[in-house]
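For reference, my_file.txt is printed below; it contains compact mmCIF, C-alpha atoms.
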# COMPACT_ATOMS: atom_id res chain seq x y z
CA MET Q 1 28.40 38.13 -47.27
CA SER Q 2 29.29 35.02 -45.25
CA LYS Q 3 32.79 36.38 -44.61
CA LYS Q 4 31.36 39.68 -43.34
CA LEU Q 5 28.93 37.78 -41.11
CA PHE Q 6 31.76 35.67 -39.74
CA TRP Q 7 33.87 38.70 -38.76
CA THR Q 8 30.81 40.44 -37.28
CA VAL Q 9 29.96 37.44 -35.11
CA LEU Q 10 33.61 37.04 -34.11
CA GLY Q 11 33.85 40.71 -33.15
CA TRP Q 12 30.69 40.57 -31.05
CA THR Q 13 31.88 37.37 -29.38
CA ILE Q 14 35.24 38.89 -28.43
CA GLY Q 15 33.48 42.02 -27.20
CA LEU Q 16 31.10 40.04 -25.00
CA ILE Q 17 33.93 37.94 -23.56
CA TRP Q 18 35.88 41.12 -22.86
CA ILE Q 19 32.95 42.74 -21.02
CA ILE Q 20 32.03 39.72 -18.86
CA PRO Q 21 34.34 40.73 -15.94
CA PHE Q 22 32.80 44.22 -15.90
CA ILE Q 23 29.31 42.72 -15.82
CA GLY Q 24 30.42 40.68 -12.80
CA VAL Q 25 31.62 43.87 -11.06
CA VAL Q 26 28.29 45.59 -11.77
CA MET Q 27 26.32 42.63 -10.44
CA THR Q 28 28.49 42.51 -7.32
CA ALA Q 29 27.96 46.23 -6.73
CA THR Q 30 24.21 46.24 -7.23
CA ARG Q 31 23.08 43.01 -5.54
CA PRO Q 32 22.98 41.93 -1.88
CA LEU Q 33 25.72 39.59 -0.71
CA ASP Q 34 23.38 36.63 -0.11
CA GLU Q 35 22.39 36.66 -3.81
CA LEU Q 36 26.03 36.35 -4.88
CA LEU Q 37 26.95 33.28 -2.84
CA LYS Q 38 26.11 30.96 -5.77
CA GLY Q 39 27.69 33.27 -8.33
CA TRP Q 40 26.67 36.63 -9.78
CA TRP Q 41 25.30 34.81 -12.83
CA ASN Q 42 22.64 33.10 -10.70
CA PHE Q 43 19.35 35.03 -11.00
CA ASP Q 44 17.05 32.82 -8.90
CA SER Q 45 16.50 35.94 -6.81
CA PHE Q 46 17.29 39.41 -8.11
CA HIS Q 47 16.87 42.49 -5.94
CA PRO Q 48 19.15 45.30 -7.20
CA THR Q 49 20.06 48.07 -4.79
CA LEU Q 50 22.16 51.25 -4.79
CA SER Q 51 23.05 51.03 -1.11
CA ASN Q 52 26.65 50.05 -1.86
CA PHE Q 53 27.15 53.20 -3.92
CA VAL Q 54 25.76 55.37 -1.13
CA SER Q 55 28.00 53.60 1.39
CA ALA Q 56 31.06 54.13 -0.80
CA LEU Q 57 30.37 57.83 -1.27
CA ASN Q 58 29.84 58.33 2.47
CA HIS Q 59 32.36 55.84 3.84
CA PRO Q 60 33.28 56.89 7.41
CA THR Q 61 37.06 56.51 7.01
CA ALA Q 62 37.59 56.75 3.23
CA SER Q 63 34.80 58.88 1.82
CA LEU Q 64 34.82 58.50 -1.94
CA ARG Q 65 32.91 61.76 -2.29
CA GLN Q 66 35.87 63.66 -0.81
CA GLY Q 67 38.32 61.52 -2.76
CA MET Q 68 36.68 62.34 -6.09
CA PHE Q 69 36.73 66.04 -5.23
CA ASN Q 70 40.43 65.79 -4.38
CA SER Q 71 41.07 63.98 -7.67
CA LEU Q 72 39.39 66.81 -9.58
CA ILE Q 73 41.68 69.32 -7.87
CA VAL Q 74 44.64 67.43 -9.35
CA VAL Q 75 43.28 66.21 -12.68
CA LEU Q 76 42.02 69.51 -14.11
CA PRO Q 77 45.30 71.50 -13.95
CA ALA Q 78 47.34 68.35 -14.64
CA THR Q 79 45.38 67.96 -17.88
CA PHE Q 80 45.13 71.55 -19.10
CA PHE Q 81 48.71 72.66 -18.37
CA PRO Q 82 50.52 69.87 -20.29
CA LEU Q 83 47.93 70.08 -23.07
CA ILE Q 84 48.57 73.79 -23.60
CA LEU Q 85 52.36 73.56 -23.36
CA ALA Q 86 52.71 70.38 -25.41
CA THR Q 87 50.37 71.62 -28.16
CA MET Q 88 52.59 74.66 -28.69
CA ALA Q 89 55.71 72.49 -28.49
CA GLY Q 90 54.29 70.02 -31.01
CA TYR Q 91 53.51 72.85 -33.41
CA GLY Q 92 57.03 74.19 -33.02
CA PHE Q 93 58.57 70.80 -33.80
CA SER Q 94 56.39 70.40 -36.88
CA ARG Q 95 56.84 73.87 -38.40
CA TYR Q 96 60.10 75.48 -37.30
CA LYS Q 97 63.73 74.61 -37.81
CA PHE Q 98 66.04 75.37 -34.91
CA PRO Q 99 69.34 74.03 -33.55
CA MET Q 100 69.21 70.51 -32.08
CA ARG Q 101 65.59 70.03 -33.13
CA ARG Q 102 66.12 66.37 -33.99
CA THR Q 103 68.05 65.75 -30.78
CA LEU Q 104 65.37 67.36 -28.62
CA PHE Q 105 62.63 65.43 -30.36
CA ALA Q 106 64.59 62.21 -29.87
CA VAL Q 107 64.75 63.01 -26.14
CA VAL Q 108 60.97 63.48 -26.14
CA VAL Q 109 60.49 60.08 -27.78
CA ILE Q 110 62.93 58.37 -25.40
CA THR Q 111 61.07 59.70 -22.35
CA LEU Q 112 57.95 57.92 -23.59
CA ALA Q 113 59.61 54.59 -22.83
CA LEU Q 114 60.76 55.58 -19.34
CA PRO Q 115 58.96 53.53 -16.66
CA GLN Q 116 57.73 55.47 -13.65
CA GLN Q 117 59.08 52.86 -11.26
CA THR Q 118 62.66 53.58 -12.34
CA ILE Q 119 62.50 57.23 -11.24
CA ALA Q 120 60.12 56.97 -8.29
CA VAL Q 121 62.89 57.59 -5.74
CA PRO Q 122 64.37 60.63 -7.56
CA ILE Q 123 60.86 62.08 -7.95
CA PHE Q 124 60.21 61.74 -4.24
CA GLN Q 125 63.61 63.19 -3.33
CA LEU Q 126 63.10 66.16 -5.67
CA MET Q 127 59.60 66.88 -4.39
CA ASN Q 128 60.85 66.52 -0.80
CA TRP Q 129 63.66 68.99 -1.50
CA LEU Q 130 61.09 71.44 -2.91
CA ASN Q 131 58.80 70.86 0.11
CA LEU Q 132 56.07 69.63 -2.23
CA VAL Q 133 55.54 66.16 -0.78
CA ASP Q 134 51.95 65.66 0.40
CA THR Q 135 50.78 68.64 -1.66
CA TYR Q 136 48.54 68.68 -4.69
CA LEU Q 137 50.92 71.12 -6.40
CA GLY Q 138 53.73 68.57 -6.32
CA LEU Q 139 51.52 65.88 -7.85
CA ILE Q 140 50.25 68.32 -10.50
CA ILE Q 141 53.83 69.22 -11.46
CA VAL Q 142 54.82 65.56 -11.80
CA HIS Q 143 51.77 64.70 -13.92
CA THR Q 144 52.36 67.79 -16.06
CA ALA Q 145 55.99 66.84 -16.64
CA TRP Q 146 54.97 63.26 -17.43
CA GLY Q 147 52.25 64.32 -19.86
CA ILE Q 148 54.18 66.89 -21.89
CA PRO Q 149 56.41 64.42 -23.83
CA TRP Q 150 53.68 62.11 -25.13
CA ILE Q 151 51.29 64.97 -25.93
CA THR Q 152 54.11 66.78 -27.75
CA PHE Q 153 54.79 63.66 -29.81
CA PHE Q 154 51.09 63.17 -30.47
CA MET Q 155 50.40 66.78 -31.49
CA ARG Q 156 53.56 67.04 -33.60
CA ASN Q 157 52.40 64.06 -35.66
CA PHE Q 158 48.97 65.62 -36.08
CA PHE Q 159 50.33 69.02 -37.13
CA THR Q 160 52.48 67.43 -39.83
CA THR Q 161 49.27 66.32 -41.57
CA ILE Q 162 47.82 69.86 -41.72
CA PRO Q 163 48.63 71.59 -45.04
CA LYS Q 164 50.74 74.73 -44.72
CA ALA Q 165 48.93 76.62 -47.49
CA MET Q 166 46.51 78.42 -45.16
CA GLU Q 167 49.30 79.41 -42.79
CA GLU Q 168 51.42 80.76 -45.64
CA ALA Q 169 48.47 82.74 -47.01
CA ALA Q 170 47.83 84.27 -43.60
CA ARG Q 171 51.53 85.11 -43.21
CA ILE Q 172 51.48 86.89 -46.58
CA ASP Q 173 48.49 88.91 -45.34
CA GLY Q 174 50.59 90.05 -42.39
CA ALA Q 175 49.42 87.69 -39.65
CA SER Q 176 51.97 86.95 -36.94
CA ASP Q 177 52.98 83.44 -35.91
CA ILE Q 178 50.91 83.75 -32.72
CA THR Q 179 47.83 84.84 -34.66
CA ILE Q 180 48.28 81.99 -37.13
CA PHE Q 181 48.59 79.45 -34.35
CA PHE Q 182 45.59 80.55 -32.29
CA LYS Q 183 43.19 81.56 -35.06
CA ILE Q 184 44.03 79.12 -37.87
CA VAL Q 185 45.95 76.09 -36.63
CA LEU Q 186 44.35 75.60 -33.22
CA PRO Q 187 40.74 75.33 -34.50
CA MET Q 188 41.85 72.71 -37.04
CA ALA Q 189 43.62 70.77 -34.28
CA LEU Q 190 40.53 70.38 -32.06
CA PRO Q 191 40.14 66.63 -32.85
CA ALA Q 192 43.70 65.92 -31.73
CA ILE Q 193 43.35 68.18 -28.70
CA GLY Q 194 40.16 66.37 -27.73
CA SER Q 195 41.93 63.02 -28.03
CA ALA Q 196 44.89 64.17 -25.96
CA PHE Q 197 42.58 65.69 -23.35
CA ALA Q 198 40.62 62.46 -22.94
CA LEU Q 199 43.76 60.33 -22.65
CA GLN Q 200 45.59 62.64 -20.23
CA PHE Q 201 42.47 63.11 -18.10
CA THR Q 202 41.95 59.35 -17.90
CA TRP Q 203 45.59 58.72 -17.05
CA VAL Q 204 45.75 61.31 -14.24
CA TRP Q 205 42.35 60.36 -12.83
CA SER Q 206 43.22 56.65 -12.77
CA ASP Q 207 46.73 57.13 -11.39
CA PHE Q 208 47.57 55.32 -8.18
CA PHE Q 209 51.36 54.94 -8.24
CA LEU Q 210 52.40 58.61 -8.26
CA ALA Q 211 49.66 59.55 -5.80
CA LEU Q 212 50.84 56.77 -3.48
CA ILE Q 213 54.35 58.25 -3.52
CA LEU Q 214 53.45 61.89 -2.95
CA ILE Q 215 50.11 62.07 -1.10
CA TYR Q 216 49.62 60.48 2.31
CA SER Q 217 47.50 62.76 4.54
CA PRO Q 218 44.11 61.08 5.12
CA ASN Q 219 42.10 64.17 4.15
CA LYS Q 220 44.11 64.64 0.93
CA LEU Q 221 43.91 61.09 -0.44
CA LEU Q 222 42.62 60.81 -4.00
CA ALA Q 223 39.77 58.57 -5.12
CA THR Q 224 42.02 55.72 -6.28
CA GLN Q 225 43.85 55.74 -2.94
CA ARG Q 226 40.66 55.45 -0.92
CA ILE Q 227 39.30 52.28 -2.52
CA PRO Q 228 41.87 49.93 -0.88
CA LEU Q 229 41.15 51.56 2.49
CA MET Q 230 37.56 50.32 2.31
CA ARG Q 231 38.71 46.77 2.95
CA GLY Q 232 37.96 45.57 6.44
CA VAL Q 233 40.55 43.88 8.65
CA TYR Q 234 38.57 40.66 9.03
CA HIS Q 235 35.98 41.04 6.28
CA VAL Q 236 36.09 42.29 2.69
CA ASP Q 237 32.87 43.84 1.44
CA TRP Q 238 33.19 43.13 -2.28
CA GLY Q 239 29.95 44.95 -3.03
CA LEU Q 240 31.35 48.13 -1.47
CA LEU Q 241 34.67 47.81 -3.32
CA SER Q 242 32.94 47.09 -6.63
CA SER Q 243 30.62 50.06 -6.32
CA ALA Q 244 33.57 52.32 -5.44
CA ALA Q 245 35.48 51.08 -8.47
CA ILE Q 246 32.49 51.79 -10.73
CA LEU Q 247 32.07 55.30 -9.34
CA VAL Q 248 35.73 56.04 -10.05
CA MET Q 249 35.42 54.62 -13.58
CA ILE Q 250 32.32 56.65 -14.41
CA VAL Q 251 34.17 59.97 -14.61
CA PRO Q 252 36.73 59.10 -17.35
CA ILE Q 253 34.05 57.14 -19.22
CA ALA Q 254 31.83 60.23 -19.19
CA VAL Q 255 34.72 62.37 -20.48
CA TYR Q 256 35.33 59.88 -23.27
CA LEU Q 257 31.65 59.85 -24.26
CA LEU Q 258 31.56 63.65 -24.34
CA LEU Q 259 34.70 63.82 -26.50
CA GLN Q 260 34.09 60.63 -28.49
CA ARG Q 261 33.64 62.44 -31.81
CA TYR Q 262 36.89 64.36 -31.40
CA TYR Q 263 38.68 61.38 -29.87
CA ILE Q 264 38.06 59.07 -32.84
CA LYS Q 265 38.91 61.75 -35.43
CA GLY Q 266 42.06 62.72 -33.57
CA MET Q 267 43.29 59.16 -33.12
CA ILE Q 268 42.85 58.08 -36.73
CA GLY Q 269 43.19 61.40 -38.56
CA TRP Q 270 46.96 61.70 -38.60
CA SER Q 271 47.61 57.94 -38.67
CA LEU Q 272 45.80 57.49 -41.99
CA LYS Q 273 47.67 60.22 -43.85
What would you get if you wrote out this structure as structure tokens?
Amino acid sequence: MSKKLFWTVLGWTIGLIWIIPFIGVVMTATRPLDELLKGWWNFDSFHPTLSNFVSALNHPTASLRQGMFNSLIVVLPATFFPLILATMAGYGFSRYKFPMRRTLFAVVVITLALPQQTIAVPIFQLMNWLNLVDTYLGLIIVHTAWGIPWITFFMRNFFTTIPKAMEEAARIDGASDITIFFKIVLPMALPAIGSAFALQFTWVWSDFFLALILIYSPNKLLATQRIPLMRGVYHVDWGLLSSAAILVMIVPIAVYLLLQRYYIKGMIGWSLK
């Protein structure tokens, strides 16, 4: 009992220490500047306000409202397309034998360790050659290509844990491979799909590096690109920046909360078997 209590207290302590910076950001975003001069932890006067959030959403030069809409234009197709393609690819790697299967899967694994910074110039040159620089389509293609390898690896590992008995029974009854995949395998893979969706959505929504390379028109800037533009030349409004950061964080957090049940099952399901 004492050992369990010790680990519980330790876990809560680590969690509280971990969340302290976020609490500071929230306090900075929701309190007037004069109340923060002695530190956000000083509560001699406490008058919370949402004015910083309104100012961030309606910023005259870097409207976060428009930026979040632009981010949705990119994040939705850049999440669904790689998820669909990689799920089918992962199933193929887990169930079928074909020439160079091991080699192709090794290439998939190797691409997981490829830093974006090492291929930033080739990506820009390729998109420029295709006339896709400063277009959402170009950014969607890059995110799709970047997401397919890790989702393929993830889904392949999950599919290897699903017993083949039901698929073989359906095949004996005359079901085609497509029918088996969509009507039998896909419903069983919903936890893994939910996990991959949440991770890919969060990654694309939070991306700054690839967007910085490919998107530069002021009206096309994504949410993450607009936050740095809210800094003044001679003055930095930390309340405005903090509220903008929180607004951008809310969307992936909401997606995670909606898919939490599937996310947890998908992340630990195949790793425990």
Quick one: everything within 8 Å of Val74 of chain Q, counting only C-alpha atoms, minus sequence neighbours fewer than 6 positions away in the same chain. Send it as number ranges by chain. Q: 136-137, 139-140, 204
Would you list the contacts of segment 155-158 of chain Q as an MDAnalysis selection string, taking every protein, DNA or RNA residue within 9 Å and counting only C-alpha atoms, but skipping same-chain residues closer than 2 positions in sequence? chainID Q and resid 86:95 150:153 160:162 189 192:193 196 266 269:271
Pick from Q:Thr118, Q:Ser71, Q:Ser63, Q:Ser243, whichever lies nearest to Arg226 of chain Q using all atoms listed in the file: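 So, comparing all the options, the nearest one is Q:Ser63.
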Do you know which residues are at most 9 Å from Val142 of chain Q counting all atoms listed in the file, after dropping those on the same chain fewer than 6 positions away, and could you put them as a short mmCIF file (atom, residue, chain, number, x, y, z; two decimals) with C-alpha atoms, in the coordinates of the input?
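Result file is around25.cif:
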data_model
loop_
_atom_site.label_atom_id
_atom_site.label_comp_id
_atom_site.auth_asym_id
_atom_site.auth_seq_id
_atom_site.Cartn_x
_atom_site.Cartn_y
_atom_site.Cartn_z
CA ALA Q 78 47.34 68.35 -14.64
CA ILE Q 123 60.86 62.08 -7.95
CA MET Q 127 59.60 66.88 -4.39
CA LEU Q 210 52.40 58.61 -8.26
#
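We find atom CA of Gly138 of chain Q and atom CA of Leu112 of chain Q to be spaced 20.7 Å apart.
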Figure out the distance between atom CA of Gly15 of chain Q and atom CA of Lys3 of chain Q, please, to one decimal in Å.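 Pair atom CA of Lys3 of chain Q / atom CA of Gly15 of chain Q returns 18.3 Å.
Atom pair atom CA of Asn131 of chain Q / atom CA of Ala145 of chain Q: separated by 17.5 Å.
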